[in-house]
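Here the structure is laid out as structure tokens; the discussion comes afterwards.
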Amino acid sequence: MVFNSLTFVVFFACVLALHALPLPWTTKKINLAVASYLFYAAWNPPFVILLWVSTVVDWYAAQGLVKAKRPTSRHAWMLLSVIANLGMLGYFKYGQFLLDNFTSLISAVGVAYHPAHYDIVLPVGISFYTFATMSYTLDVYLRRAAPAQNLLDYALFVTFFPHLVAGPIMRPTELVPQFAQPRRATGEQLRFGLALMTLGLFNKIVLADSFLASAAERVYDSDKIPGALDAWAAIRPPRSARRCAWDLPCRTTSASPTRRWGSRTSGAAGISHCPRGCAITSTFRSAAIVTVRGAPMPRS
């Protein structure tokens, strides 16, 4: 499902409508999890199985790490996570690369090898959710974070649709605790999210896909090294649609609008946070978090 499509508009409107109903917080989280799976399945339903495998493996690996008494047991649980996640990522993303290099290597020693055609579809967002789930297990292994209190919060951390297929890769300590208590968007957040979504749609559809598309294609198709202005025109379209989100860190640079929004940079280089708990993030994801997640509701 593409963020700048009518399908996503209908999907997002349904998610907001369900989230606005006076339902228990657990029910709302289940709705968000189901919506996130539907969002991913809209592209290729069978690949949801990979998402489930990655989620379940790292959930039980983290539980095993907590219960393990011996260092060898902890190493084994961590190794299970690494093999499962990197195994899937290596097969789908780097399988052709490894096969080509293996073929070239044995051809260099005089062995003629003609492998079968490698026709594997790369699952959308596999790098993002693979490293997200593995970072969860790694944090538990290094005792930098406690495991999630329940499977629902952890599954929602992995599948939350605004960052599922396009990042950013989030640490569990950044998002999992936010699912612990009810949240509801304020009127200000709804208006702010709608304004940023409108601006993002304009930048994406009018500027990136129309006005600057030909310039970007000429730069990328050219054999010459582009000049500074040409390079800026080529990289600006995919980075032009930025919006603010609730507590969602994003990879960005000092040339991005984070500086103009008066943000402060923290942590590793390239991770920025906006004022009032907001963060700059890329095309059409942030308003989803502003409006769906919102601010914490006071406990009665």
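Residue names in the structure tokens use chain letters A, B, ... in the order shown, residue numbers from 1 in each chain, and ligand numbers from 1 in the order shown.
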
Please identify every residue of region 123-241 of chain A that has at least one atom no farther than 8 Å from an atom of region 50-74 of chain A, counting only C-alpha atoms, and for each give the shortest atom pair and the distance in Å to one decimal, arranged by chain then increasing number, as CSV.
residue,atom,partner,partner_atom,distance
A:Tyr129,CA,A:Leu51,CA,7.6
A:Thr130,CA,A:Ser54,CA,6.7
A:Thr133,CA,A:Asp58,CA,6.1
A:Met134,CA,A:Asp58,CA,6.7
A:Tyr136,CA,A:Asp58,CA,7.5
A:Thr137,CA,A:Ala62,CA,5.3
A:Val140,CA,A:Ala62,CA,6.2
A:Tyr141,CA,A:Leu65,CA,6.3
A:Pro147,CA,A:Ala62,CA,6.5
A:Leu151,CA,A:Trp59,CA,7.3
A:Tyr154,CA,A:Trp59,CA,7.6
A:Ala155,CA,A:Thr55,CA,6.4
A:Val158,CA,A:Thr55,CA,7.0
A:Thr159,CA,A:Leu51,CA,7.9

Q | DSSP-assigned alpha helix (DSSP H) members of region 46-185 of chain A, reported as an MDAnalysis selection string | A | chainID A and resid 48:67 71:108 126:141 151:159 161:164 172:175

May I have the residues from that selection written out with C-alpha atoms, as a short mmCIF file (atom, residue, chain, number, x, y, z; two decimals), in the first residue's frame?
data_model
loop_
_atom_site.label_atom_id
_atom_site.label_comp_id
_atom_site.auth_asym_id
_atom_site.auth_seq_id
_atom_site.Cartn_x
_atom_site.Cartn_y
_atom_site.Cartn_z
CA VAL A 48 3.02 -11.65 6.37
CA ILE A 49 4.24 -15.10 7.43
CA LEU A 50 7.82 -13.79 7.49
CA LEU A 51 6.67 -10.96 9.73
CA TRP A 52 5.05 -13.46 12.08
CA VAL A 53 8.13 -15.68 12.13
CA SER A 54 10.44 -12.79 12.96
CA THR A 55 8.07 -11.56 15.68
CA VAL A 56 7.52 -14.94 17.33
CA VAL A 57 11.17 -16.03 17.20
CA ASP A 58 12.46 -12.89 18.89
CA TRP A 59 9.61 -12.82 21.42
CA TYR A 60 10.47 -16.30 22.67
CA ALA A 61 14.20 -15.66 22.36
CA ALA A 62 13.86 -12.66 24.68
CA GLN A 63 11.77 -14.69 27.12
CA GLY A 64 14.42 -17.41 27.06
CA LEU A 65 17.15 -14.86 27.73
CA VAL A 66 15.33 -13.64 30.83
CA LYS A 67 14.80 -17.15 32.21
CA PRO A 71 25.79 -17.94 29.96
CA THR A 72 25.75 -20.74 27.39
CA SER A 73 21.95 -20.75 27.40
CA ARG A 74 21.85 -16.99 26.90
CA HIS A 75 24.32 -17.28 24.02
CA ALA A 76 22.15 -19.98 22.44
CA TRP A 77 18.99 -17.88 22.60
CA MET A 78 20.78 -14.88 21.13
CA LEU A 79 22.28 -17.05 18.40
CA LEU A 80 18.81 -18.31 17.52
CA SER A 81 17.64 -14.73 16.98
CA VAL A 82 20.67 -13.83 14.86
CA ILE A 83 20.44 -16.95 12.67
CA ALA A 84 16.68 -16.65 12.13
CA ASN A 85 16.72 -12.95 11.29
CA LEU A 86 19.92 -12.71 9.29
CA GLY A 87 19.09 -16.00 7.59
CA MET A 88 15.83 -14.61 6.20
CA LEU A 89 17.44 -11.29 5.32
CA GLY A 90 20.39 -12.97 3.61
CA TYR A 91 18.21 -15.32 1.59
CA PHE A 92 15.78 -12.73 0.29
CA LYS A 93 18.02 -9.69 -0.02
CA TYR A 94 21.51 -11.02 -0.67
CA GLY A 95 20.84 -14.48 -2.10
CA GLN A 96 21.46 -13.46 -5.71
CA PHE A 97 24.60 -11.54 -4.73
CA LEU A 98 26.03 -14.52 -2.86
CA LEU A 99 25.10 -16.93 -5.65
CA ASP A 100 26.76 -14.76 -8.31
CA ASN A 101 29.95 -14.49 -6.27
CA PHE A 102 30.00 -18.23 -5.60
CA THR A 103 29.56 -18.92 -9.32
CA SER A 104 32.40 -16.54 -10.21
CA LEU A 105 34.64 -18.07 -7.54
CA ILE A 106 34.32 -21.66 -8.70
CA SER A 107 34.51 -20.56 -12.34
CA ALA A 108 37.90 -19.00 -11.56
CA ILE A 126 12.32 -6.80 5.53
CA SER A 127 15.45 -4.92 6.58
CA PHE A 128 13.47 -2.62 8.86
CA TYR A 129 11.49 -5.21 10.79
CA THR A 130 14.34 -7.73 10.83
CA PHE A 131 16.75 -5.35 12.56
CA ALA A 132 13.97 -3.98 14.76
CA THR A 133 13.16 -7.42 16.18
CA MET A 134 16.81 -8.35 16.49
CA SER A 135 17.57 -5.11 18.32
CA TYR A 136 14.87 -6.06 20.82
CA THR A 137 16.55 -9.39 21.56
CA LEU A 138 19.98 -7.76 21.66
CA ASP A 139 18.85 -5.15 24.18
CA VAL A 140 17.45 -7.89 26.41
CA TYR A 141 20.62 -9.96 25.97
CA LEU A 151 3.08 -10.19 23.14
CA LEU A 152 0.54 -7.65 21.88
CA ASP A 153 2.72 -4.64 22.76
CA TYR A 154 5.75 -6.31 21.20
CA ALA A 155 3.88 -7.33 18.02
CA LEU A 156 2.57 -3.79 17.67
CA PHE A 157 6.12 -2.45 18.09
CA VAL A 158 7.22 -4.62 15.15
CA THR A 159 4.23 -4.11 12.86
CA PHE A 161 2.23 0.50 10.04
CA PRO A 162 3.61 4.08 9.95
CA HIS A 163 7.18 2.75 10.23
CA LEU A 164 6.78 -0.87 9.10
CA PRO A 172 12.15 -1.17 21.65
CA THR A 173 12.79 1.25 24.52
CA GLU A 174 11.59 4.08 22.26
CA LEU A 175 8.21 2.66 21.30
#
